[in-house]
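Trainee: Structure supplied as entry38.csv; contents: CSV, C-alpha atoms.
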```
chain,number,residue,atom,x,y,z
A,1320,MET,CA,-10.7,-13.5,23.2
A,1321,GLY,CA,-13.6,-12.0,25.2
A,1322,LEU,CA,-17.1,-11.1,24.1
A,1323,ASN,CA,-16.3,-7.4,23.6
A,1324,GLN,CA,-13.3,-8.2,21.4
A,1325,GLU,CA,-15.4,-10.6,19.3
A,1326,ILE,CA,-18.1,-7.9,18.9
A,1327,GLU,CA,-15.4,-5.5,17.9
A,1328,PHE,CA,-14.1,-7.8,15.2
A,1329,ARG,CA,-17.6,-8.4,13.9
A,1330,TYR,CA,-18.0,-4.6,13.7
A,1331,PHE,CA,-14.7,-4.5,11.6
A,1332,HIS,CA,-16.2,-7.2,9.4
A,1333,GLN,CA,-19.4,-5.3,8.7
A,1334,GLN,CA,-17.5,-2.1,8.0
A,1335,LEU,CA,-15.0,-3.8,5.7
A,1336,LEU,CA,-17.8,-5.4,3.6
A,1337,SER,CA,-19.4,-2.0,3.2
A,1338,ASP,CA,-16.0,-0.3,2.6
A,1339,ASN,CA,-16.8,2.1,5.5
A,1340,LEU,CA,-13.7,1.7,7.6
A,1341,THR,CA,-12.0,5.0,8.5
A,1342,LYS,CA,-8.3,5.5,8.4
A,1343,GLU,CA,-8.2,5.5,12.3
A,1344,GLU,CA,-10.1,2.2,12.3
A,1345,LYS,CA,-7.8,0.7,9.7
A,1346,ASP,CA,-4.8,1.7,11.9
A,1347,ASP,CA,-6.5,0.2,14.9
A,1348,LEU,CA,-7.1,-3.1,13.1
A,1349,TRP,CA,-3.5,-3.2,11.9
A,1350,VAL,CA,-2.3,-2.8,15.5
A,1351,LYS,CA,-4.6,-5.6,16.7
A,1352,ILE,CA,-3.3,-7.9,14.0
A,1353,GLN,CA,0.3,-7.1,14.8
A,1354,SER,CA,-0.1,-7.9,18.4
A,1355,THR,CA,-1.7,-11.3,17.7
A,1356,TYR,CA,0.8,-14.2,17.3
A,1357,LYS,CA,-1.7,-17.1,17.3
A,1358,ASP,CA,-5.3,-17.0,18.4
A,1359,GLU,CA,-7.4,-20.1,17.8
A,1360,GLU,CA,-10.7,-18.1,18.5
A,1361,LEU,CA,-9.8,-15.6,15.8
A,1362,GLU,CA,-9.3,-18.5,13.4
A,1363,LEU,CA,-12.6,-20.0,14.3
A,1364,LEU,CA,-14.4,-16.7,13.9
A,1365,MET,CA,-12.7,-16.3,10.5
A,1366,ARG,CA,-14.0,-19.7,9.4
A,1367,GLU,CA,-17.4,-18.9,10.7
A,1368,TYR,CA,-17.6,-15.9,8.4
A,1369,TRP,CA,-16.2,-17.9,5.6
A,1370,GLN,CA,-18.8,-20.6,6.0
A,1371,SER,CA,-21.6,-18.1,6.1
A,1372,LEU,CA,-20.8,-16.6,2.6
A,1373,GLU,CA,-22.8,-17.6,-0.4
A,1374,LYS,CA,-21.4,-20.0,-3.0
A,1375,LYS,CA,-18.7,-21.1,-0.6
A,1376,GLU,CA,-18.3,-24.2,-2.7
A,1377,ILE,CA,-16.3,-22.0,-5.1
A,1378,ILE,CA,-13.3,-22.5,-2.9
A,1379,SER,CA,-13.8,-25.4,-0.6
A,1380,ASP,CA,-10.4,-26.8,-1.2
A,1381,LYS,CA,-8.0,-26.2,1.7
A,1382,ILE,CA,-5.1,-25.2,-0.6
A,1383,GLN,CA,-7.2,-22.5,-2.2
A,1384,PHE,CA,-8.4,-21.4,1.2
A,1385,ASP,CA,-4.8,-21.0,2.4
A,1386,THR,CA,-4.0,-19.2,-0.8
A,1387,LEU,CA,-6.7,-16.6,-0.1
A,1388,LYS,CA,-5.3,-16.1,3.4
A,1389,ASN,CA,-1.9,-15.4,2.0
A,1390,GLN,CA,-3.3,-13.0,-0.5
A,1391,ILE,CA,-5.2,-11.1,2.2
A,1392,LEU,CA,-2.1,-10.9,4.4
A,1393,SER,CA,-0.3,-9.3,1.5
A,1394,ARG,CA,-3.1,-6.8,1.0
A,1395,ILE,CA,-2.9,-5.8,4.6
A,1396,GLN,CA,0.8,-5.1,4.4
A,1397,LYS,CA,0.4,-3.3,1.1
A,1398,SER,CA,-2.3,-1.0,2.5
A,1399,LYS,CA,0.1,0.0,5.3
A,1400,ILE,CA,3.4,0.2,3.4
A,1401,SER,CA,2.9,2.0,0.1
A,1402,SER,CA,6.4,1.3,-1.1
A,1403,ASP,CA,5.9,-2.5,-1.1
A,1404,LYS,CA,6.1,-4.2,-4.5
A,1405,THR,CA,2.8,-5.8,-5.6
A,1406,SER,CA,2.2,-9.0,-7.6
A,1407,LYS,CA,-0.6,-9.5,-10.1
A,1408,PRO,CA,-3.3,-12.0,-9.3
A,1409,PHE,CA,-3.0,-15.3,-11.2
A,1410,LEU,CA,-6.7,-16.2,-11.5
A,1411,PRO,CA,-9.1,-13.9,-13.4
A,1412,ASN,CA,-12.0,-14.3,-10.9
A,1413,TRP,CA,-9.9,-13.8,-7.8
A,1414,LYS,CA,-10.9,-10.1,-7.6
A,1415,ASN,CA,-14.5,-11.0,-6.9
A,1416,MET,CA,-13.5,-13.8,-4.5
A,1417,MET,CA,-11.3,-11.4,-2.5
A,1418,MET,CA,-14.2,-9.0,-2.1
A,1419,ARG,CA,-16.3,-11.8,-0.8
A,1420,VAL,CA,-13.9,-12.7,1.9
A,1421,ALA,CA,-13.0,-9.3,3.2
A,1422,ALA,CA,-14.0,-10.5,6.7
A,1423,MET,CA,-10.8,-12.5,6.8
A,1424,LEU,CA,-8.7,-9.4,7.0
A,1425,PHE,CA,-8.2,-9.9,10.7
A,1426,ILE,CA,-6.3,-13.2,10.3
A,1427,PRO,CA,-3.3,-13.3,12.6
A,1428,LEU,CA,-0.1,-12.6,10.7
A,1429,LEU,CA,1.5,-15.6,12.4
A,1430,LEU,CA,-0.2,-18.7,11.4
A,1431,GLY,CA,2.6,-21.2,12.1
A,1432,SER,CA,4.0,-22.8,9.0
A,1433,LEU,CA,1.8,-21.1,6.5
A,1434,PHE,CA,2.3,-22.3,2.9
A,1435,VAL,CA,0.5,-21.2,-0.2
A,1436,ILE,CA,0.3,-23.0,-3.5
A,1437,TYR,CA,-0.1,-21.0,-6.7
A,1438,ARG,CA,-1.3,-22.7,-9.8
A,1439,MET,CA,-0.3,-21.0,-13.0
A,1440,GLU,CA,-3.6,-21.1,-14.8
A,1441,THR,CA,-3.3,-17.8,-16.8
A,1442,ARG,CA,-3.6,-18.4,-20.5
A,1443,PHE,CA,-0.1,-17.3,-21.6
A,1444,ASP,CA,-0.8,-18.1,-25.2
A,1445,LYS,CA,-3.2,-15.1,-25.4
A,1446,MET,CA,-0.5,-12.6,-24.4
A,1447,ALA,CA,1.0,-10.7,-27.4
A,1448,SER,CA,4.4,-10.4,-25.8
A,1449,SER,CA,6.3,-11.7,-22.8
A,1450,THR,CA,5.8,-9.8,-19.6
A,1451,MET,CA,7.5,-10.2,-16.2
A,1452,GLN,CA,5.6,-11.7,-13.3
A,1453,GLN,CA,6.4,-11.3,-9.7
A,1454,VAL,CA,5.6,-13.6,-6.8
A,1455,ILE,CA,6.2,-12.4,-3.3
A,1456,ALA,CA,6.3,-14.3,0.0
A,1457,SER,CA,5.3,-11.7,2.5
A,1458,PRO,CA,7.1,-11.7,5.9
A,1459,GLY,CA,6.1,-14.6,8.1
A,1460,SER,CA,4.8,-16.8,5.2
A,1461,ARG,CA,6.2,-19.2,2.7
A,1462,VAL,CA,4.9,-19.6,-0.9
A,1463,HIS,CA,4.8,-22.7,-3.1
A,1464,LEU,CA,4.3,-22.2,-6.9
A,1465,PHE,CA,4.6,-23.9,-10.3
A,1466,LEU,CA,6.2,-21.9,-13.1
A,1467,PRO,CA,4.9,-22.1,-16.7
A,1468,ASP,CA,7.5,-24.8,-17.5
A,1469,GLN,CA,6.2,-26.8,-14.5
A,1470,THR,CA,9.3,-26.1,-12.4
A,1471,GLU,CA,8.3,-26.2,-8.8
A,1472,VAL,CA,9.5,-23.4,-6.5
A,1473,TRP,CA,9.2,-22.6,-2.8
A,1474,LEU,CA,9.9,-19.1,-1.6
A,1475,ASN,CA,10.8,-18.4,2.0
A,1476,SER,CA,9.6,-15.4,4.1
A,1477,GLY,CA,10.4,-12.0,2.7
A,1478,SER,CA,11.5,-13.3,-0.8
A,1479,MET,CA,10.5,-12.5,-4.3
A,1480,LEU,CA,10.8,-14.3,-7.7
A,1481,GLU,CA,10.6,-12.7,-11.1
A,1482,PHE,CA,10.1,-14.6,-14.3
A,1483,PRO,CA,8.7,-14.1,-17.8
A,1484,THR,CA,5.1,-15.3,-18.4
A,1485,ASP,CA,6.3,-17.3,-21.4
A,1486,LEU,CA,9.2,-18.9,-19.5
A,1487,ASN,CA,8.4,-22.3,-21.2
A,1488,LYS,CA,9.0,-20.7,-24.6
A,1489,GLN,CA,12.3,-19.1,-23.8
A,1490,SER,CA,15.5,-20.6,-25.2
A,1491,GLN,CA,17.0,-20.1,-21.8
A,1492,ARG,CA,14.6,-20.3,-18.9
A,1493,LYS,CA,15.8,-17.3,-16.7
A,1494,VAL,CA,14.4,-16.3,-13.4
A,1495,LYS,CA,15.5,-13.7,-10.8
A,1496,LEU,CA,15.5,-14.4,-7.0
A,1497,TYR,CA,15.5,-12.0,-4.1
A,1498,GLY,CA,15.8,-13.7,-0.8
A,1499,GLN,CA,15.6,-17.5,-0.4
A,1500,GLY,CA,14.1,-20.1,-2.7
A,1501,TYR,CA,14.1,-23.8,-3.3
A,1502,PHE,CA,13.8,-25.1,-6.9
A,1503,ASN,CA,12.8,-28.4,-8.3
A,1504,VAL,CA,13.6,-27.7,-11.9
A,1505,SER,CA,11.7,-29.4,-14.7
A,1506,ARG,CA,14.4,-31.1,-16.9
A,1507,ASP,CA,14.8,-29.8,-20.4
A,1508,PRO,CA,18.3,-30.1,-21.8
A,1509,GLN,CA,17.5,-27.9,-24.8
A,1510,HIS,CA,16.4,-25.0,-22.6
A,1511,PRO,CA,18.8,-24.6,-19.6
A,1512,PHE,CA,17.4,-23.1,-16.4
A,1513,LEU,CA,19.2,-20.0,-14.9
A,1514,VAL,CA,18.6,-18.5,-11.5
A,1515,GLU,CA,20.0,-14.9,-11.2
A,1516,THR,CA,20.8,-13.3,-7.9
A,1517,GLU,CA,22.6,-10.1,-7.0
A,1518,SER,CA,25.7,-12.2,-5.9
A,1519,LEU,CA,26.0,-15.3,-8.2
A,1520,ASN,CA,24.0,-17.0,-10.8
A,1521,ILE,CA,23.1,-20.7,-11.0
A,1522,ARG,CA,22.8,-22.8,-14.2
A,1523,VAL,CA,21.0,-26.1,-14.2
A,1524,LEU,CA,19.3,-28.5,-16.6
A,1525,GLY,CA,17.2,-30.4,-14.0
A,1526,THR,CA,17.8,-30.7,-10.3
A,1527,SER,CA,16.7,-29.8,-6.8
A,1528,PHE,CA,18.6,-27.1,-4.8
A,1529,ASP,CA,18.3,-24.2,-2.4
A,1530,VAL,CA,19.5,-20.6,-2.9
A,1531,SER,CA,19.7,-18.0,-0.2
A,1532,ASN,CA,20.7,-14.4,-0.9
A,1533,TYR,CA,18.9,-12.0,1.4
A,1534,ALA,CA,19.9,-8.4,0.9
A,1535,ASN,CA,20.7,-7.9,4.6
A,1536,ASP,CA,22.8,-11.1,4.8
A,1537,CYS,CA,26.6,-10.9,4.5
A,1538,LYS,CA,26.6,-14.3,2.8
A,1539,PHE,CA,25.2,-16.0,-0.3
A,1540,SER,CA,24.6,-19.8,-0.1
A,1541,SER,CA,23.4,-22.6,-2.3
A,1542,THR,CA,22.7,-26.2,-1.3
A,1543,LEU,CA,22.3,-29.0,-3.8
A,1544,GLU,CA,20.1,-32.0,-3.0
A,1545,HIS,CA,19.8,-33.8,-6.3
A,1546,GLY,CA,21.4,-33.4,-9.8
A,1547,SER,CA,24.1,-30.9,-10.6
A,1548,ILE,CA,24.4,-27.1,-10.6
A,1549,VAL,CA,27.1,-24.7,-11.8
A,1550,LEU,CA,27.8,-21.3,-10.0
A,1551,LEU,CA,28.5,-18.4,-12.4
A,1552,ASN,CA,29.7,-14.9,-11.9
A,1553,SER,CA,27.8,-11.9,-13.3
A,1554,CYS,CA,29.8,-12.2,-16.6
A,1555,GLY,CA,28.6,-15.8,-17.1
A,1556,LYS,CA,32.0,-17.4,-16.1
A,1557,GLU,CA,31.9,-20.7,-14.4
A,1558,ILE,CA,33.1,-20.6,-10.8
A,1559,ARG,CA,32.3,-23.9,-9.3
A,1560,GLN,CA,30.2,-27.0,-9.9
A,1561,LEU,CA,28.4,-28.6,-7.0
A,1562,ASP,CA,27.6,-32.3,-6.3
A,1563,PRO,CA,24.6,-33.6,-4.3
A,1564,GLY,CA,25.1,-32.9,-0.6
A,1565,GLN,CA,27.4,-29.9,-1.1
A,1566,ARG,CA,26.8,-26.3,0.0
A,1567,ALA,CA,28.6,-23.3,-1.4
A,1568,VAL,CA,28.9,-20.2,0.7
A,1569,LEU,CA,30.1,-16.8,-0.7
A,1570,ASN,CA,31.2,-14.1,1.7
A,1571,LYS,CA,29.8,-11.0,-0.1
A,1572,GLU,CA,32.5,-8.7,1.5
A,1573,THR,CA,35.7,-10.7,0.9
A,1574,LYS,CA,34.3,-12.5,-2.2
A,1575,GLU,CA,35.7,-15.8,-0.8
A,1576,LEU,CA,33.9,-18.9,-1.8
A,1577,PHE,CA,34.1,-22.2,0.1
A,1578,VAL,CA,32.2,-25.5,-0.5
A,1579,GLU,CA,31.3,-28.0,2.3
A,1580,THR,CA,29.5,-31.3,2.6
A,1581,VAL,CA,26.3,-30.8,4.7
A,1582,ASP,CA,23.2,-32.5,5.9
A,1583,THR,CA,20.9,-30.8,3.3
A,1584,LYS,CA,17.8,-31.1,5.6
A,1585,LEU,CA,19.3,-28.4,7.8
A,1586,THR,CA,19.2,-25.8,5.0
A,1587,THR,CA,16.1,-27.0,3.1
A,1588,SER,CA,13.7,-28.1,5.8
A,1589,TRP,CA,12.0,-24.6,5.8
A,1590,LYS,CA,10.2,-25.6,2.6
A,1591,ASP,CA,8.5,-28.5,4.5
A,1592,GLY,CA,7.4,-26.1,7.3
A,1593,LYS,CA,10.2,-26.7,9.7
A,1594,LEU,CA,13.3,-25.0,11.0
A,1595,ILE,CA,16.0,-27.5,12.1
A,1596,PHE,CA,18.9,-26.3,14.3
A,1597,ARG,CA,21.8,-28.5,15.2
A,1598,ASN,CA,24.4,-26.8,17.4
A,1599,THR,CA,23.5,-23.5,15.7
A,1600,SER,CA,24.7,-20.2,17.0
A,1601,LEU,CA,22.2,-18.0,18.8
A,1602,ILE,CA,22.7,-15.2,16.2
A,1603,GLU,CA,21.9,-17.5,13.3
A,1604,VAL,CA,18.9,-18.9,15.2
A,1605,THR,CA,17.4,-15.5,15.9
A,1606,LYS,CA,18.0,-14.4,12.3
A,1607,GLN,CA,16.0,-17.2,10.9
A,1608,MET,CA,13.3,-16.8,13.6
A,1609,GLU,CA,12.9,-13.1,12.6
A,1610,ARG,CA,11.9,-14.2,9.1
A,1611,TRP,CA,9.9,-17.2,10.2
A,1612,PHE,CA,7.7,-15.2,12.7
A,1613,ASN,CA,7.9,-11.8,11.1
A,1614,CYS,CA,9.3,-10.0,14.1
A,1615,LYS,CA,12.3,-8.1,15.3
A,1616,ILE,CA,14.7,-9.8,17.7
A,1617,ASN,CA,17.3,-7.7,19.7
A,1618,VAL,CA,20.1,-9.8,21.1
A,1619,ASP,CA,22.3,-8.3,23.9
A,1620,PRO,CA,25.8,-7.7,22.5
A,1621,GLU,CA,27.3,-9.5,25.5
A,1622,LEU,CA,25.7,-12.7,24.3
A,1623,ILE,CA,27.5,-12.6,20.9
A,1624,ASP,CA,30.9,-13.6,22.3
A,1625,LEU,CA,29.5,-16.4,24.5
A,1626,ASN,CA,29.2,-18.9,21.6
A,1627,ILE,CA,25.7,-20.1,22.7
A,1628,LEU,CA,24.6,-23.0,20.6
A,1629,TYR,CA,21.0,-24.2,20.1
A,1630,THR,CA,19.6,-27.5,18.9
A,1631,ALA,CA,15.8,-27.9,18.2
A,1632,THR,CA,13.2,-28.4,15.5
A,1633,ILE,CA,10.5,-25.7,15.1
A,1634,GLN,CA,7.3,-26.6,13.3
A,1635,ASP,CA,4.0,-25.6,14.7
A,1636,GLU,CA,5.2,-23.7,17.8
A,1637,THR,CA,4.3,-20.1,18.4
A,1638,LEU,CA,7.0,-17.5,18.9
A,1639,GLY,CA,6.3,-17.5,22.6
A,1640,GLU,CA,6.7,-21.2,22.8
A,1641,VAL,CA,10.0,-21.2,21.0
A,1642,LEU,CA,11.4,-18.5,23.2
A,1643,LYS,CA,10.5,-20.6,26.3
A,1644,MET,CA,12.3,-23.5,24.8
A,1645,ILE,CA,15.4,-21.3,24.2
A,1646,GLU,CA,15.3,-20.1,27.8
A,1647,ILE,CA,15.1,-23.7,29.2
A,1648,SER,CA,18.0,-25.0,27.1
A,1649,THR,CA,20.3,-22.0,27.2
A,1650,SER,CA,21.4,-19.3,29.7
A,1651,VAL,CA,19.3,-16.5,28.4
A,1652,LYS,CA,16.1,-14.6,29.3
A,1653,THR,CA,13.5,-13.3,26.7
A,1654,LYS,CA,10.7,-10.9,26.6
A,1655,ILE,CA,8.0,-10.1,23.9
A,1656,GLU,CA,6.4,-6.7,23.3
A,1657,LYS,CA,4.1,-6.8,20.3
A,1658,ARG,CA,6.5,-7.8,17.5
A,1659,GLU,CA,9.7,-7.0,19.2
A,1660,VAL,CA,11.7,-9.6,21.2
A,1661,SER,CA,14.6,-8.9,23.6
A,1662,ILE,CA,17.1,-11.6,24.6
A,1663,TRP,CA,19.7,-11.1,27.4
A,1664,HIS,CA,21.8,-13.2,29.7
A,1665,LYS,CA,20.1,-14.7,32.8
A,1666,ASN,CA,22.7,-13.2,35.2
A,1667,LYS,CA,22.3,-9.7,34.0
```
How does the structure come out when it is put into structure tokens?
Mentor:
Amino acid sequence: MGLNQEIEFRYFHQQLLSDNLTKEEKDDLWVKIQSTYKDEELELLMREYWQSLEKKEIISDKIQFDTLKNQILSRIQKSKISSDKTSKPFLPNWKNMMMRVAAMLFIPLLLGSLFVIYRMETRFDKMASSTMQQVIASPGSRVHLFLPDQTEVWLNSGSMLEFPTDLNKQSQRKVKLYGQGYFNVSRDPQHPFLVETESLNIRVLGTSFDVSNYANDCKFSSTLEHGSIVLLNSCGKEIRQLDPGQRAVLNKETKELFVETVDTKLTTSWKDGKLIFRNTSLIEVTKQMERWFNCKINVDPELIDLNILYTATIQDETLGEVLKMIEISTSVKTKIEKREVSIWHKNK
């Protein structure tokens, strides 16, 4: 990043603090963020501003620092896409904190394996009645949270979880998942835990499992690591019980369900900041990469029938680095233009 660009971002910072950015300048800032996959100098500049703020000891913890980054990324997207659903802040004093770190709005949207930890510190006992809370993992990020009953949840990119604020007081602890989540359920035999999706529901007393049910996927899947879970249809009828190491896959179109024994790390490693592929089809690889890097990947239709398989572990690499790895190990060529990727056969 050159001097002129640095000065430009400093200008954006000053205008943001004084709330004087014009619509055109906001659009320009959005374009610059979109075209940045990973820029260490931008990160350093962000930290420089952060360290210059008064009372920075308020949030010196890295976890809270990362939390603010995710919140700001969500605010950027919500300012551009009015139809996005919003989530309520968890901490009463975050509004002031967010105002103080407006300079961080130019954080690149792709920060590698970005995870955020939410601590449920709202005083639920002061609420007169149960209300629904939403937590959203914006595209390109992962979210880690603790529910009121201390159940631990990870949300993958582009996912949302809904739950009642008094979940720990419900006779049946019921949550609703859109997208993909990993649950480490707090055991409570007297209050069963139920995960609802638009395809199947999952009943559990205390266990660790993954659920994936993106709206644009043709399949629902659930992988059990520990304990036991039961798959239910929308009427509450038991369909299948899973044992540790098993993965259930439902074809949404044919309604066919099959269960297989798998290496659970391949489907749950995303919560640890990794994507692991073992002889995985190129189509499946690109689908996961789109969510991981918040981009659009166009695969030449001629590649679909070639059965190209890919083996790799993605952790801290940028999108460009991953595409180079794919080019080296397969017979394809790739190109990036802003957030859109094209993949075609080398011989074409």
Trainee: Interatomic distance between atom CA of A:Trp1589 and atom CA of A:Thr1484?
Mentor: 26.8 Å
Trainee: So how far away is atom CA of A:Arg1597 from atom CA of A:Gly1564, in Å?
Mentor: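 Atom CA of A:Arg1597 lies at a distance of 16.7 Å from atom CA of A:Gly1564.
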Trainee: Taking only C-alpha atoms into account, name the residue in A:Ile1616, A:Leu1466, A:Val1514, A:Met1451 that is nearest to A:Pro1483.
Mentor: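 Closest to A:Pro1483 of all the choices is A:Met1451.
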Trainee: Report, in Å to a single decimal, how far apart atom CA of A:Val1472 and atom CA of A:Ile1548 are.
Mentor: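 Between these atoms lies a distance of 15.9 Å.
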Trainee: Mind checking which residues fall within 12 Å of A:Lys1493, counting all atoms listed in the file, ignoring those fewer than 2 positions away in the same chain, and posting them as a PyMOL selection string?
Mentor: chain A and resi 1451+1466-1468+1470+1480-1491+1495-1496+1504+1510-1516+1520-1524
Trainee: Using the atoms already present, construct N, CA and C atoms for stretch 1536-1558 of chain A and hand them back as a CSV table (one decimal), keeping the file's coordinate frame.
Mentor:
```csv
chain,number,residue,atom,x,y,z
A,1536,ASP,N,21.9,-10.0,4.4
A,1536,ASP,CA,22.8,-11.1,4.8
A,1536,ASP,C,24.2,-10.8,4.2
A,1537,CYS,N,25.2,-11.1,5.0
A,1537,CYS,CA,26.6,-10.9,4.5
A,1537,CYS,C,27.1,-12.1,3.6
A,1538,LYS,N,26.2,-13.2,3.5
A,1538,LYS,CA,26.6,-14.3,2.8
A,1538,LYS,C,25.6,-14.8,1.7
A,1539,PHE,N,26.0,-15.3,0.6
A,1539,PHE,CA,25.2,-16.0,-0.3
A,1539,PHE,C,25.5,-17.5,-0.1
A,1540,SER,N,24.4,-18.3,-0.2
A,1540,SER,CA,24.6,-19.8,-0.1
A,1540,SER,C,23.7,-20.5,-1.1
A,1541,SER,N,24.2,-21.7,-1.5
A,1541,SER,CA,23.4,-22.6,-2.3
A,1541,SER,C,23.7,-24.0,-1.9
A,1542,THR,N,22.6,-24.8,-1.7
A,1542,THR,CA,22.7,-26.2,-1.3
A,1542,THR,C,22.1,-27.1,-2.3
A,1543,LEU,N,22.8,-28.1,-2.8
A,1543,LEU,CA,22.3,-29.0,-3.8
A,1543,LEU,C,21.9,-30.3,-3.2
A,1544,GLU,N,20.6,-30.7,-3.5
A,1544,GLU,CA,20.1,-32.0,-3.0
A,1544,GLU,C,20.2,-33.1,-4.0
A,1545,HIS,N,19.8,-32.8,-5.3
A,1545,HIS,CA,19.8,-33.8,-6.3
A,1545,HIS,C,20.3,-33.1,-7.6
A,1546,GLY,N,21.0,-33.9,-8.5
A,1546,GLY,CA,21.4,-33.4,-9.8
A,1546,GLY,C,22.8,-32.7,-9.7
A,1547,SER,N,22.9,-31.6,-10.5
A,1547,SER,CA,24.1,-30.9,-10.6
A,1547,SER,C,23.8,-29.4,-10.9
A,1548,ILE,N,24.5,-28.5,-10.3
A,1548,ILE,CA,24.4,-27.1,-10.6
A,1548,ILE,C,25.8,-26.5,-10.8
A,1549,VAL,N,25.8,-25.4,-11.5
A,1549,VAL,CA,27.1,-24.7,-11.8
A,1549,VAL,C,26.9,-23.2,-11.3
A,1550,LEU,N,27.8,-22.7,-10.5
A,1550,LEU,CA,27.8,-21.3,-10.0
A,1550,LEU,C,28.5,-20.5,-11.1
A,1551,LEU,N,27.9,-19.3,-11.4
A,1551,LEU,CA,28.5,-18.4,-12.4
A,1551,LEU,C,28.6,-17.0,-11.8
A,1552,ASN,N,29.6,-16.3,-12.3
A,1552,ASN,CA,29.7,-14.9,-11.9
A,1552,ASN,C,28.8,-14.1,-12.8
A,1553,SER,N,28.7,-12.7,-12.6
A,1553,SER,CA,27.8,-11.9,-13.3
A,1553,SER,C,28.2,-11.8,-14.8
A,1554,CYS,N,29.4,-12.2,-15.2
A,1554,CYS,CA,29.8,-12.2,-16.6
A,1554,CYS,C,29.5,-13.6,-17.2
A,1555,GLY,N,28.9,-14.5,-16.5
A,1555,GLY,CA,28.6,-15.8,-17.1
A,1555,GLY,C,29.8,-16.8,-17.0
A,1556,LYS,N,30.9,-16.5,-16.3
A,1556,LYS,CA,32.0,-17.4,-16.1
A,1556,LYS,C,31.8,-18.4,-15.1
A,1557,GLU,N,32.1,-19.7,-15.4
A,1557,GLU,CA,31.9,-20.7,-14.4
A,1557,GLU,C,32.9,-20.6,-13.2
A,1558,ILE,N,32.3,-20.7,-12.0
A,1558,ILE,CA,33.1,-20.6,-10.8
A,1558,ILE,C,33.3,-21.9,-10.1
```
